[in-house]
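S.K.: Have a look at the structure that comes next, please.
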Amino acid sequence: MLVVPPRAGGRRRRPARRALSTEFPLSHPQPPVADSQPVVRTLHGDEVADPYSWVRDRDDPRVLPLLEAENAYTAAMTAPMEALQDTLFDEIRSRIQESDLSVPWRRHGWWYQVRTLEGLSYPVHVRRPDDGSGTGPDLDAPESVLLDENIVAEGHDYSRVGAAAVSPDGSRLAWSVDHEGDEAHTLRIRDLVTGLDGEEAIAGTSYALAWAADSATVFYTTLDATQRPHQVWRHVVGADPATDVLVVEEPDERFFVDVGANRSGDWILVAMHSAVTSEAWLLDAHRPTDPLTLVAARQQGVEYHVEAHVERLFILSNAAGADDFALYETSAETPGPESWEIVVPHVPGVRLDDVDALRDHLVIHLRRDGVTALRVVDLTTRTSREFDLPEEVGTVSPGVNEEFDTATYRFTYQSLVTPPSVFDEDLDTARRVLRKQQPVLGGYSPHGFETRRVWATADDGTQVPISLVHRRGLARDGSAPCLLYGYGAYEASMDPWFSAARLSLLERGWVWAIAHVRGGGELGRRWYEDGKLLAKPHSFSDFVAAARHLIDAGYTAPDRLVARGGSAGGLLMGGVANLAPELFRAVIAEVPFVDPVNTLLDPSLPLTVTEWEEWGNPAADAEVYRCIRGYSPYENVRPEPYPTILATAGFEDPRVGYHEPAKWVQQLRAVTTGEQPVLLRTELGAGHAGPSGRYDAWRDEAFVLAFAIHAVDAGT
C-alpha cells in the first residue's frame, strides 16, 4: 500500500477561514414548515421520538402540498443561480457530440449499435447484417431500427428501458419499459421482421431476461409487494401471459432472483443472492421445460457466481475462507462443490470481481491496491497475463462481448482526465486496437489537468485513498474550491471515471476528488467489511479524514469545500454533516438514505429485509440498533450551525423513499442554530435515478453544479 509521507517543514500556514455569508439568495422566502407530530418508539430500553413520521404516508393529503412547497422554496432560494445553471447546461451540451454512434458489436451474424441524435433525448438501437467476413457490418445493407426509445417515451414524462434482449435467431426482441420511475417494468415482444410488438404486455417485471435456444421461449423475473424480484416465469411468444409457467419462487425476503443466458447460448442460469449468500441453478437452454439443476446449495456467508462455458462451469467464490475470492472449474454435469477444481487461487488483497468465458480464453476482472485490472487465461495452456494500462489512476472495465467463439476482447479504459476509450485486444497476441474514444468537443486536452492518488490517515490509523483531479499547476494554498464525492457501501467501488460535465468545475479552478471510504470495495473484501454493520461508522470518519487531508495539504479550505453523495452515499453525507459540519461550505445529498433506523425497522418497505445483511436488523439486536441510532442523520441532528444543504428526492423512488430526505430537511431546519439554507428538491414524476432523458439529466447536473459554485461564491 502506498503511503504519502508528510511534507518536510512541519506545519504550513493556510489562509484564514472566511466568514460564512448568509447571502445565498437575493431574497429570503420563508421555508415550508411541516407539522411535528412525534411518534414515540421504545426499543431496547431506548425511547426515541419520530416527529415527522406522517410524511411517509404518500396518501396523507398534506404530503404532496409539502413537497410542492419545498420545490417552490428551493426554486426561489436558487433563483440567483439560474443564469449560471443555464451557462453550465450550455457548457455541458457544447462538449458532447449529440449525434453519435457507438462502436458496433457482433452477435450471431448481426452488428448492433446505439445511435443518438441531436435534439432527441433517448437512444436508438439499430443493426446491420454481417458483411460476410465476420469483421464488420455490411455498410451497403440498410440499417434496421430495433427500438427507438424516443418513440417509446412519447406522451410520458418519464421513460426508461429496463432490459432488451434479441432472440438467438435474431428474429425477436424482448424489451421492457418503466414509465413511472418505480422500476416496475412492462415486458413486450417485438417481431424484428415487421417491427411490431405482439399483443402480450406483462406488467410488474424486473430487469432480468433470458431467451431459450428455440427463440420462442423467454424467461423473466417479477416483483413482489416490496419491489423485490422474487419469481422466474417462462413465457412462450404469442401465448396468453396468463398461461405463463412459474419456474421458481424465492420465499426468503433477503434474496433477489436473477435469470440470464450464457454467452454460448447453451445454458440458462437462475441465481438467488442476498448481500452475503448465493445459490445458482442451471437449465439446458435447448430444453427450456426441463427442471432446474442445483449448482451448490446456499450456505450462509458463502457467495458464488457461475459463468457457464459449453460443458464446463467457471465459478468465482469466497468459499473455504477465500475472502477475496478464488476461481474454480467444474463440469456442468456434476456442478457440486465437491467437484470444484482451482483455476486461480485466492490471494489476499487481490479481489476477483467477475469472469468472462470465451471459447478458448477466460478474462478475469480484478482489483489490486485499489486499481482495476484484467487478466486473460489461455484455456489450452493455462498461462495468463494482465492487460497493460496507461495510467496509475484509471479504470478498466469490460465492453460489450457477446460473441463466444472469438479471441478478441473488447474493454473500456478511462480516468479522471482520459475520456472513455473502447479497445479491442487480441487475446493471443496482445495486439490492441483503439476503436473509439468518447469525443469531447471544444478543444479539451487532458494535458491541461493533473490526476493522482493521495492517502489520508483515518482516526484509527487506516490509510484511506483519495483520487483527485485539478488544473495543472494548481497553487496548493487553500484558495481552490473542491468537491469531495463519496459512497462507501455494498462493496461498490467508485473507480475513477471521466465526466464532461465535471470540466465545468475544473476549468473554473476547482479540485474534484473521490474519497474511497471503507464500505466500498476498492481495497478488497476486508475494506467492505470494515465499513458495514457495526463497522459502518468507519465510512463517516474516513470521509472526514479525507476532507481534513485535502485541507491540510492545501488543496482547499473549509469555506471552499463541498461534499456530495447519493443514495447510500447520501447517508454518508448526512453522517458527516453531523460529525464535522465545520469542514464543509455545502453538502449535496442526492436521494439520501438518511432515516435508516425507521426504515430498517419496517419490513413492509421496499428492500428493508434484504438490507439487514448490509446494515443489521435494529429490531433484533440491541447493539446493532444503538450503532445505527448513533450515526443516523435524522436521529442525530444537533443544535449547531450546519453548512448549506441541498437534498434531492424522487417521489416514485422504490430504493430510498422520498420521505427520508423530506423528514431530514424538516429536522435540520428545526434544530440548526445557523442561518445557512436547507433545501429539498423532489422529482415528482421520477424515481431513484432522477430524470430519464439525457437533456433533463444534463440540466439536473447543471443545477447541482451551479448550487455548489454558488454556495462557495456566496461565502467569499
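Ligands are numbered from 1 in the order shown, chains are lettered A, B, ... in the order of the C-alpha cells, and residues start at 1 in each chain.
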I'd like the neighbourhood of Ser36 (chain A) as a PyMOL selection string, where a residue qualifies if any of its atoms comes within 10 Å (using only C-alpha atoms), though same-chain residues fewer than 6 positions away should be ignored.

M.R.: chain A and resi 50-55+666-667+670

S.K.: Quick one: contact table of region 410-431 of chain A to region 446-454 of chain A, 8 Å max, nearest atom pair and distance in Å to one decimal per residue, counting only C-alpha atoms, chain and number order, as a Markdown table?

M.R.:
| residue | atom | partner | partner_atom | distance |
| --- | --- | --- | --- | --- |
| A:Leu416 | CA | A:Thr451 | CA | 6.6 |
| A:Val417 | CA | A:Pro446 | CA | 5.3 |
| A:Thr418 | CA | A:Pro446 | CA | 6.4 |

S.K.: Neighbours of Ile364 (chain A) within 6 Å (only C-alpha atoms; same-chain residues fewer than 5 positions away dropped), as a compact mmCIF listing (two decimals) with N, CA and C atoms, in the first residue's frame?

M.R.:
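As written to disk, selection_38.txt reads:
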# COMPACT_ATOMS: atom_id res chain seq x y z
N ASP A 354 -15.14 -10.66 -11.27
CA ASP A 354 -16.02 -11.28 -12.26
C ASP A 354 -15.15 -12.04 -13.26
N VAL A 355 -15.80 -12.82 -14.13
CA VAL A 355 -15.07 -13.57 -15.15
C VAL A 355 -15.93 -13.68 -16.39
N LEU A 374 -7.45 -6.36 -15.70
CA LEU A 374 -8.00 -7.50 -16.43
C LEU A 374 -6.88 -8.51 -16.64
N ARG A 375 -7.19 -9.78 -16.41
CA ARG A 375 -6.22 -10.86 -16.62
C ARG A 375 -6.83 -11.88 -17.56

S.K.: Would you list, as a PyMOL selection string, the residues of region 62-179 of chain A that end up in alpha helix (DSSP H) under DSSP run on this structure's backbone?

M.R.: chain A and resi 63-77+82-95+149-153

S.K.: Taking N, CA and C atoms for each residue, export the selection above as a CSV table (one decimal), in the first residue's frame.

M.R.:
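Below you can see result15.csv, which holds the result:
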chain,number,residue,atom,x,y,z
A,63,VAL,N,-49.0,15.6,2.3
A,63,VAL,CA,-47.7,15.2,1.8
A,63,VAL,C,-47.3,15.9,0.5
A,64,LEU,N,-48.2,15.8,-0.5
A,64,LEU,CA,-47.9,16.4,-1.8
A,64,LEU,C,-47.8,17.9,-1.8
A,65,PRO,N,-48.7,18.6,-1.1
A,65,PRO,CA,-48.5,20.0,-0.9
A,65,PRO,C,-47.2,20.4,-0.2
A,66,LEU,N,-46.8,19.6,0.7
A,66,LEU,CA,-45.5,19.9,1.4
A,66,LEU,C,-44.3,19.8,0.4
A,67,LEU,N,-44.3,18.7,-0.4
A,67,LEU,CA,-43.2,18.6,-1.4
A,67,LEU,C,-43.3,19.7,-2.5
A,68,GLU,N,-44.5,20.0,-2.9
A,68,GLU,CA,-44.6,21.1,-3.9
A,68,GLU,C,-44.1,22.4,-3.3
A,69,ALA,N,-44.4,22.7,-2.0
A,69,ALA,CA,-44.0,23.9,-1.3
A,69,ALA,C,-42.5,23.9,-1.2
A,70,GLU,N,-41.9,22.7,-0.9
A,70,GLU,CA,-40.4,22.6,-0.8
A,70,GLU,C,-39.8,22.9,-2.2
A,71,ASN,N,-40.4,22.4,-3.2
A,71,ASN,CA,-39.9,22.7,-4.6
A,71,ASN,C,-39.9,24.2,-4.9
A,72,ALA,N,-41.0,24.8,-4.5
A,72,ALA,CA,-41.2,26.2,-4.8
A,72,ALA,C,-40.2,27.0,-3.9
A,73,TYR,N,-40.0,26.6,-2.7
A,73,TYR,CA,-39.0,27.3,-1.8
A,73,TYR,C,-37.6,27.2,-2.4
A,74,THR,N,-37.2,26.0,-2.8
A,74,THR,CA,-35.9,25.7,-3.4
A,74,THR,C,-35.7,26.6,-4.7
A,75,ALA,N,-36.8,26.6,-5.5
A,75,ALA,CA,-36.7,27.4,-6.8
A,75,ALA,C,-36.5,28.9,-6.4
A,76,ALA,N,-37.2,29.4,-5.4
A,76,ALA,CA,-37.0,30.8,-5.0
A,76,ALA,C,-35.6,31.1,-4.4
A,77,MET,N,-35.1,30.1,-3.6
A,77,MET,CA,-33.8,30.3,-3.0
A,77,MET,C,-32.7,30.2,-4.0
A,82,GLU,N,-29.9,30.9,-11.6
A,82,GLU,CA,-30.5,30.4,-12.8
A,82,GLU,C,-29.6,30.7,-14.0
A,83,ALA,N,-29.0,31.9,-14.1
A,83,ALA,CA,-28.2,32.2,-15.2
A,83,ALA,C,-27.0,31.3,-15.3
A,84,LEU,N,-26.4,31.1,-14.1
A,84,LEU,CA,-25.2,30.2,-14.0
A,84,LEU,C,-25.6,28.8,-14.4
A,85,GLN,N,-26.8,28.3,-14.0
A,85,GLN,CA,-27.3,27.0,-14.4
A,85,GLN,C,-27.4,26.9,-15.9
A,86,ASP,N,-28.0,27.9,-16.5
A,86,ASP,CA,-28.1,27.9,-18.0
A,86,ASP,C,-26.8,27.9,-18.6
A,87,THR,N,-25.8,28.6,-18.1
A,87,THR,CA,-24.5,28.6,-18.7
A,87,THR,C,-23.8,27.3,-18.6
A,88,LEU,N,-24.0,26.6,-17.4
A,88,LEU,CA,-23.4,25.3,-17.2
A,88,LEU,C,-24.1,24.3,-18.1
A,89,PHE,N,-25.4,24.3,-18.3
A,89,PHE,CA,-26.1,23.4,-19.2
A,89,PHE,C,-25.5,23.6,-20.6
A,90,ASP,N,-25.4,24.8,-21.0
A,90,ASP,CA,-24.8,25.1,-22.4
A,90,ASP,C,-23.4,24.6,-22.5
A,91,GLU,N,-22.6,24.7,-21.4
A,91,GLU,CA,-21.2,24.2,-21.5
A,91,GLU,C,-21.2,22.6,-21.6
A,92,ILE,N,-22.1,22.0,-20.8
A,92,ILE,CA,-22.1,20.5,-20.8
A,92,ILE,C,-22.6,20.1,-22.2
A,93,ARG,N,-23.6,20.7,-22.7
A,93,ARG,CA,-24.1,20.3,-24.1
A,93,ARG,C,-23.1,20.6,-25.2
A,94,SER,N,-22.3,21.7,-25.0
A,94,SER,CA,-21.3,22.0,-26.1
A,94,SER,C,-20.2,21.0,-26.1
A,95,ARG,N,-19.9,20.3,-25.0
A,95,ARG,CA,-18.8,19.4,-25.0
A,95,ARG,C,-19.2,18.0,-25.6
A,149,GLU,N,-36.1,4.6,-28.6
A,149,GLU,CA,-36.6,4.9,-27.2
A,149,GLU,C,-37.3,6.3,-27.2
A,150,ASN,N,-37.0,7.1,-28.2
A,150,ASN,CA,-37.8,8.4,-28.3
A,150,ASN,C,-39.2,8.1,-28.6
A,151,ILE,N,-39.5,7.1,-29.4
A,151,ILE,CA,-40.9,6.8,-29.7
A,151,ILE,C,-41.5,6.2,-28.5
A,152,VAL,N,-40.8,5.3,-27.8
A,152,VAL,CA,-41.3,4.7,-26.6
A,152,VAL,C,-41.7,5.7,-25.5
A,153,ALA,N,-40.9,6.8,-25.5
A,153,ALA,CA,-41.1,7.9,-24.5
A,153,ALA,C,-42.2,8.8,-24.8

S.K.: Would you write out, as JSON lines, a table of all residues in region 484-596 of chain A that have an atom no more than 10 Å from an atom of region 623-634 of chain A, listing for each the closest atom pair and the distance in Å to one decimal, considering only C-alpha atoms and ordering rows by chain and rising residue number?

M.R.:
{"residue": "A:Leu533", "atom": "CA", "partner": "A:Val624", "partner_atom": "CA", "distance": 7.3}
{"residue": "A:Leu534", "atom": "CA", "partner": "A:Cys627", "partner_atom": "CA", "distance": 6.2}
{"residue": "A:Ala535", "atom": "CA", "partner": "A:Cys627", "partner_atom": "CA", "distance": 8.7}
{"residue": "A:Lys536", "atom": "CA", "partner": "A:Cys627", "partner_atom": "CA", "distance": 8.3}
{"residue": "A:Pro537", "atom": "CA", "partner": "A:Tyr631", "partner_atom": "CA", "distance": 6.9}
{"residue": "A:Phe540", "atom": "CA", "partner": "A:Tyr631", "partner_atom": "CA", "distance": 8.6}
{"residue": "A:Gly570", "atom": "CA", "partner": "A:Pro633", "partner_atom": "CA", "distance": 9.7}
{"residue": "A:Leu571", "atom": "CA", "partner": "A:Pro633", "partner_atom": "CA", "distance": 7.0}
{"residue": "A:Leu572", "atom": "CA", "partner": "A:Pro633", "partner_atom": "CA", "distance": 8.7}
{"residue": "A:Met573", "atom": "CA", "partner": "A:Pro633", "partner_atom": "CA", "distance": 8.5}
{"residue": "A:Gly574", "atom": "CA", "partner": "A:Pro633", "partner_atom": "CA", "distance": 4.9}
{"residue": "A:Gly575", "atom": "CA", "partner": "A:Pro633", "partner_atom": "CA", "distance": 5.3}
{"residue": "A:Val576", "atom": "CA", "partner": "A:Pro633", "partner_atom": "CA", "distance": 8.6}
{"residue": "A:Ala577", "atom": "CA", "partner": "A:Pro633", "partner_atom": "CA", "distance": 8.0}
{"residue": "A:Asn578", "atom": "CA", "partner": "A:Pro633", "partner_atom": "CA", "distance": 6.8}
{"residue": "A:Leu579", "atom": "CA", "partner": "A:Tyr631", "partner_atom": "CA", "distance": 8.7}
{"residue": "A:Pro592", "atom": "CA", "partner": "A:Pro633", "partner_atom": "CA", "distance": 9.8}
{"residue": "A:Phe593", "atom": "CA", "partner": "A:Pro633", "partner_atom": "CA", "distance": 8.8}
{"residue": "A:Val594", "atom": "CA", "partner": "A:Pro633", "partner_atom": "CA", "distance": 5.3}
{"residue": "A:Asp595", "atom": "CA", "partner": "A:Tyr634", "partner_atom": "CA", "distance": 5.4}
{"residue": "A:Pro596", "atom": "CA", "partner": "A:Ser632", "partner_atom": "CA", "distance": 6.1}

S.K.: Just write the chosen residues, N, CA and C atoms, as a CSV table (one decimal), in the first residue's frame.

M.R.:
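Done, and the output landed in again.csv:
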chain,number,residue,atom,x,y,z
A,533,LEU,N,-22.3,-3.0,8.8
A,533,LEU,CA,-22.8,-3.5,10.0
A,533,LEU,C,-22.3,-2.6,11.2
A,534,LEU,N,-21.7,-3.2,12.2
A,534,LEU,CA,-21.2,-2.4,13.4
A,534,LEU,C,-20.0,-1.6,13.0
A,535,ALA,N,-19.3,-1.9,11.9
A,535,ALA,CA,-18.2,-1.1,11.5
A,535,ALA,C,-18.6,0.1,10.6
A,536,LYS,N,-19.8,0.3,10.4
A,536,LYS,CA,-20.3,1.4,9.4
A,536,LYS,C,-19.7,2.8,9.8
A,537,PRO,N,-19.6,3.1,11.1
A,537,PRO,CA,-19.0,4.4,11.4
A,537,PRO,C,-17.7,4.8,10.8
A,540,PHE,N,-17.9,7.2,7.8
A,540,PHE,CA,-18.1,8.6,8.1
A,540,PHE,C,-16.7,9.2,8.5
A,570,GLY,N,-25.6,9.3,0.2
A,570,GLY,CA,-26.4,10.3,0.8
A,570,GLY,C,-26.4,10.2,2.3
A,571,LEU,N,-26.5,8.9,2.8
A,571,LEU,CA,-26.4,8.6,4.2
A,571,LEU,C,-25.0,9.1,4.7
A,572,LEU,N,-24.0,8.8,3.9
A,572,LEU,CA,-22.6,9.3,4.2
A,572,LEU,C,-22.6,10.8,4.4
A,573,MET,N,-23.3,11.5,3.5
A,573,MET,CA,-23.4,13.0,3.6
A,573,MET,C,-24.1,13.4,4.8
A,574,GLY,N,-25.2,12.8,5.2
A,574,GLY,CA,-25.9,13.2,6.4
A,574,GLY,C,-25.0,12.9,7.6
A,575,GLY,N,-24.3,11.8,7.6
A,575,GLY,CA,-23.5,11.4,8.7
A,575,GLY,C,-22.3,12.4,8.9
A,576,VAL,N,-21.7,12.8,7.8
A,576,VAL,CA,-20.5,13.7,8.0
A,576,VAL,C,-21.0,15.2,8.3
A,577,ALA,N,-22.2,15.5,7.9
A,577,ALA,CA,-22.8,16.8,8.3
A,577,ALA,C,-22.9,16.9,9.8
A,578,ASN,N,-23.3,15.8,10.4
A,578,ASN,CA,-23.4,15.8,11.8
A,578,ASN,C,-22.1,15.7,12.5
A,579,LEU,N,-21.2,14.9,11.9
A,579,LEU,CA,-19.9,14.6,12.5
A,579,LEU,C,-18.9,15.8,12.5
A,592,PRO,N,-31.0,10.7,-0.5
A,592,PRO,CA,-30.2,10.1,0.6
A,592,PRO,C,-30.9,9.2,1.5
A,593,PHE,N,-30.3,8.2,1.9
A,593,PHE,CA,-30.8,7.2,2.9
A,593,PHE,C,-30.5,7.7,4.3
A,594,VAL,N,-31.2,8.7,4.7
A,594,VAL,CA,-30.9,9.4,5.9
A,594,VAL,C,-31.8,9.1,7.1
A,595,ASP,N,-32.7,8.1,7.0
A,595,ASP,CA,-33.5,7.7,8.1
A,595,ASP,C,-33.4,6.2,8.3
A,596,PRO,N,-32.2,5.7,8.5
A,596,PRO,CA,-32.0,4.2,8.4
A,596,PRO,C,-32.7,3.5,9.6

S.K.: Run DSSP on the backbone and tell me which residues of region 455-661 of chain A come out as strand (DSSP E or B); list them as a PyMOL selection string.

M.R.: chain A and resi 455-457+463-471+482-486+511-515+518+520+561-566+586-590+644-650

S.K.: Can you pull out the residues contacting Asp130 (chain A)? Cut-off 7 Å, using only C-alpha atoms, and skip same-chain residues under 5 positions away; I want them as a PyMOL selection string.

M.R.: chain A and resi 109-111+136-138

S.K.: Which residue out of A:Leu550, A:Asp169, A:Leu705, A:Phe314 has the minimum interatomic distance to Ala216 (chain A) when only C-alpha atoms are used?

M.R.: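 Ranked by minimum distance to Ala216 (chain A), first place goes to A:Asp169.
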
S.K.: I'd like the interatomic distance between CA of Pro654 (chain A) and CA of Glu200 (chain A), to a tenth of an Å.

M.R.: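 A separation of 25.6 Å between them.
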
S.K.: Find the residues around Glu652 (chain A) up to 9 Å (only C-alpha atoms counted), leave out those fewer than 5 positions away in its own chain, and share them as a PyMOL selection string.

M.R.: chain A and resi 180-183+657-658+683-688

S.K.: Next, dump the selected residues to file, keeping only C-alpha atoms, as a JSON list (two decimals), in the first residue's frame.

M.R.:
[["chain", "number", "residue", "atom", "x", "y", "z"],
["A", 180, "GLU", "CA", -43.30, 5.81, -13.66],
["A", 181, "GLY", "CA", -39.81, 5.68, -12.16],
["A", 182, "ASP", "CA", -40.75, 2.94, -9.69],
["A", 183, "GLU", "CA", -38.65, 0.31, -11.55],
["A", 657, "GLY", "CA", -38.36, 6.71, -0.04],
["A", 658, "TYR", "CA", -38.96, 10.41, -0.72],
["A", 683, "GLU", "CA", -38.76, 14.98, -8.75],
["A", 684, "LEU", "CA", -42.49, 14.32, -8.51],
["A", 685, "GLY", "CA", -42.55, 12.15, -11.64],
["A", 686, "ALA", "CA", -39.31, 10.18, -11.30],
["A", 687, "GLY", "CA", -37.55, 7.65, -9.11],
["A", 688, "HIS", "CA", -34.12, 6.86, -7.76]]

S.K.: Quick check, in Å to one decimal: how far apart do CA of Thr135 (chain A) and CA of Gly399 (chain A) lie?

M.R.: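 Distance between the two atoms: 16.9 Å.
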
S.K.: Please identify all polymer residues within 8 Å of Pro241 (chain A), counting only C-alpha atoms, omitting same-chain residues fewer than 2 positions from it, and present them as a list of chain:residue names.

M.R.: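 After dropping sequence-adjacent residues, the list is A:Glu200, A:Ala201, A:Ile202, A:His235, A:Ala239, A:Thr243, A:Asp244.
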
S.K.: Would you put the residues from that selection into a file with N, CA and C atoms, as a compact mmCIF listing (two decimals), in the first residue's frame?

M.R.:
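Contents of result.txt, freshly written:
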# COMPACT_ATOMS: atom_id res chain seq x y z
N GLU A 200 -48.98 -9.47 -26.20
CA GLU A 200 -48.68 -9.65 -24.79
C GLU A 200 -47.97 -8.43 -24.21
N ALA A 201 -48.41 -8.02 -23.03
CA ALA A 201 -47.78 -6.94 -22.26
C ALA A 201 -47.81 -7.41 -20.81
N ILE A 202 -46.65 -7.77 -20.31
CA ILE A 202 -46.55 -8.39 -19.00
C ILE A 202 -46.05 -7.34 -18.00
N HIS A 235 -42.30 -17.83 -20.54
CA HIS A 235 -43.34 -17.36 -21.46
C HIS A 235 -43.04 -17.87 -22.86
N ALA A 239 -48.30 -16.56 -26.71
CA ALA A 239 -49.26 -17.16 -25.78
C ALA A 239 -49.81 -16.10 -24.83
N THR A 243 -51.09 -17.88 -19.09
CA THR A 243 -50.68 -19.29 -19.14
C THR A 243 -49.19 -19.47 -18.86
N ASP A 244 -48.47 -18.38 -18.57
CA ASP A 244 -47.04 -18.49 -18.29
C ASP A 244 -46.80 -19.41 -17.10

S.K.: Do a neighbour search on Val302 (chain A) at 10 Å with only C-alpha atoms, toss out local chain neighbours closer than 4 positions, and write the hits as a PyMOL selection string.

M.R.: chain A and resi 276-279+297-298+317-323

S.K.: Let's have the selection written as a PDB file, in the first residue's frame, with C-alpha atoms.

M.R.:
ATOM      1  CA  VAL A 276     -23.721 -12.316   1.667  1.00  0.00           C
ATOM      2  CA  THR A 277     -25.111 -15.601   0.310  1.00  0.00           C
ATOM      3  CA  SER A 278     -25.644 -17.106  -3.167  1.00  0.00           C
ATOM      4  CA  GLU A 279     -27.376 -20.033  -4.811  1.00  0.00           C
ATOM      5  CA  ALA A 297     -26.892 -25.306  -2.059  1.00  0.00           C
ATOM      6  CA  ARG A 298     -26.860 -21.976  -0.282  1.00  0.00           C
ATOM      7  CA  SER A 317     -16.469 -17.985  -4.835  1.00  0.00           C
ATOM      8  CA  ASN A 318     -15.377 -16.940  -1.360  1.00  0.00           C
ATOM      9  CA  ALA A 319     -15.877 -20.498  -0.058  1.00  0.00           C
ATOM     10  CA  ALA A 320     -13.321 -22.007   2.323  1.00  0.00           C
ATOM     11  CA  GLY A 321     -12.217 -18.633   3.659  1.00  0.00           C
ATOM     12  CA  ALA A 322     -11.253 -17.123   0.292  1.00  0.00           C
ATOM     13  CA  ASP A 323     -12.330 -13.608   1.327  1.00  0.00           C
TER      14      ASP A 323
END

S.K.: Please determine, counting only C-alpha atoms, which residue among A:Val48, A:Val39, A:Val469, A:Ala275 has the shortest atom-to-atom distance to Ser499 (chain A).

M.R.: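 Residue with the minimum atom-to-atom distance to Ser499 (chain A): A:Val469.
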
S.K.: When you draw a straight line from CA of Asp495 (chain A) to CA of Glu590 (chain A), how long is it in Å?

M.R.: 19.1 Å

S.K.: Given the choices A:Ser493, A:Ser171, A:Thr429, A:Thr78, which gets closest to Thr644 (chain A) if the distance is worked out from only C-alpha atoms?

M.R.: A:Thr78
